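Novice: First, the structure itself, so that you have it in front of you.
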Amino acid sequence: MTGLFDGLDRLDLDAHVRRWSAPDAGRAGGSVSQWMAAAQQFAARLQEDPSGLTDDRWRAVGQAWSALLAGAERATGQQRNEWLLRDLRLRSWLLEKVGPREDVALLDPESVLERALDAMPMTLPEAARLASCWRKLDRERIMSLRMVRRLLVTVRPLASLLTEHPRWGEFQEWESLAGGLP
């Protein structure tokens, strides 16, 4: 699809939704930097004024956002969970600003918690063991511990929305490691 990444900064939110909802958009090529620019511009438009959207519009935005991230991952790979982290950060920010909405997947705090926990790059006991001596570790393990911290940051602001979730205790165990992570 030619022109997919052209004029991203000139698109309003509805135009981003139309662009990334197009059937071929998710199958486009593109470089990592092009996809990052697309995600940044889409998120910026959404963050300008998220409070006035109807539930139907939220669902359309959520579908387009998911399509953009799926296309980015298909075209460029996971990029060390870059697309997942962008998604979780945006969802967390939106939940802080507008709160959860039933039947709007983009505004589901449980999804943020579950996806963050499911993406942990190691087990909790392994992370606890490595956190105490992280300065002596190889770069790969340090990056894994940093990923743990980055995933925790997306869930932390949603604590008041998640305390009744069955996996909240698991998050708290991970959170207890946060102070010792690189």
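Residue numbering restarts at 1 for every chain of the structure tokens, chains are lettered A, B, ... in their displayed order, and ligands are numbered from 1 as they appear.
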Give me every helix (DSSP H, G or I) residue in region 85-131 of chain A, going by DSSP on the backbone, as a ChimeraX atom specification.
Specialist: /A:85-98,105-107,109-118,124-131
Novice: List as a ChimeraX atom specification the protein and nucleic acid residues near Ser160 (chain A), meaning an atom at most 12 Å away when only C-alpha atoms are counted, but skip any in the same chain fewer than 3 places from it.
Specialist: /A:95-96,99-100,109-110,155-157,163-165,168
Novice: Any idea what's packed within 12 Å of Pro125 (chain A), counting only C-alpha atoms, ignoring anything in its chain fewer than 6 positions away? Could you give it as JSON, numbers by chain?
Specialist: {"A": [131, 132, 170, 173, 174, 176, 177]}
Novice: Could you give me, as a ChimeraX atom specification, the residues within 12 Å of Ser92 (chain A), counting only C-alpha atoms and dropping anything in the same chain fewer than 2 positions from it?
Specialist: /A:47,85-90,94-100,106-113,115-116,151-159,161-162
Novice: Residues near region 29-44 of chain A, anyone? I mean within 10 Å using only C-alpha atoms, not counting same-chain ones fewer than 3 positions away, as JSON, numbers by chain.
Specialist: {"A": [1, 2, 4, 5, 6, 7, 8, 9, 10, 11, 12, 13, 14, 15, 16, 17, 20, 25, 26, 47, 48, 49, 61, 64, 65, 68, 69, 71, 72, 73, 74, 75, 76, 77, 79, 82, 83, 86, 87, 90, 91]}
Novice: Report, in Å to a single decimal, how far apart CA of Trp93 (chain A) and CA of Glu175 (chain A) are.
Specialist: 18.8 Å
Novice: Between A:Arg45, A:Arg146, A:Arg18, A:Arg141, which residue has the minimum interatomic distance to Gly180 (chain A), considering only C-alpha atoms?
Specialist: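 With only C-alpha atoms as the atom set, the closest residue is A:Arg146.
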Novice: Restricting the calculation to only C-alpha atoms: of A:Leu181, A:Arg149, A:Glu140, A:Glu102, which residue gets closest to Ala128 (chain A)?
Specialist: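 Of A:Leu181, A:Arg149, A:Glu140, A:Glu102, the one nearest Ala128 (chain A), counting only C-alpha atoms, is A:Leu181.
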Novice: Name all residues at most 12 Å from Asp56 (chain A) (count only C-alpha atoms; drop same-chain ones fewer than 2 positions away) and give them as a ChimeraX atom specification.
Specialist: /A:52-54,58-63,101-106
Novice: In Å, with one decimal, what is the gap from CA of Gln172 (chain A) to CA of Arg129 (chain A)?
Specialist: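 Between CA of Gln172 (chain A) and CA of Arg129 (chain A) the gap works out to 16.8 Å.
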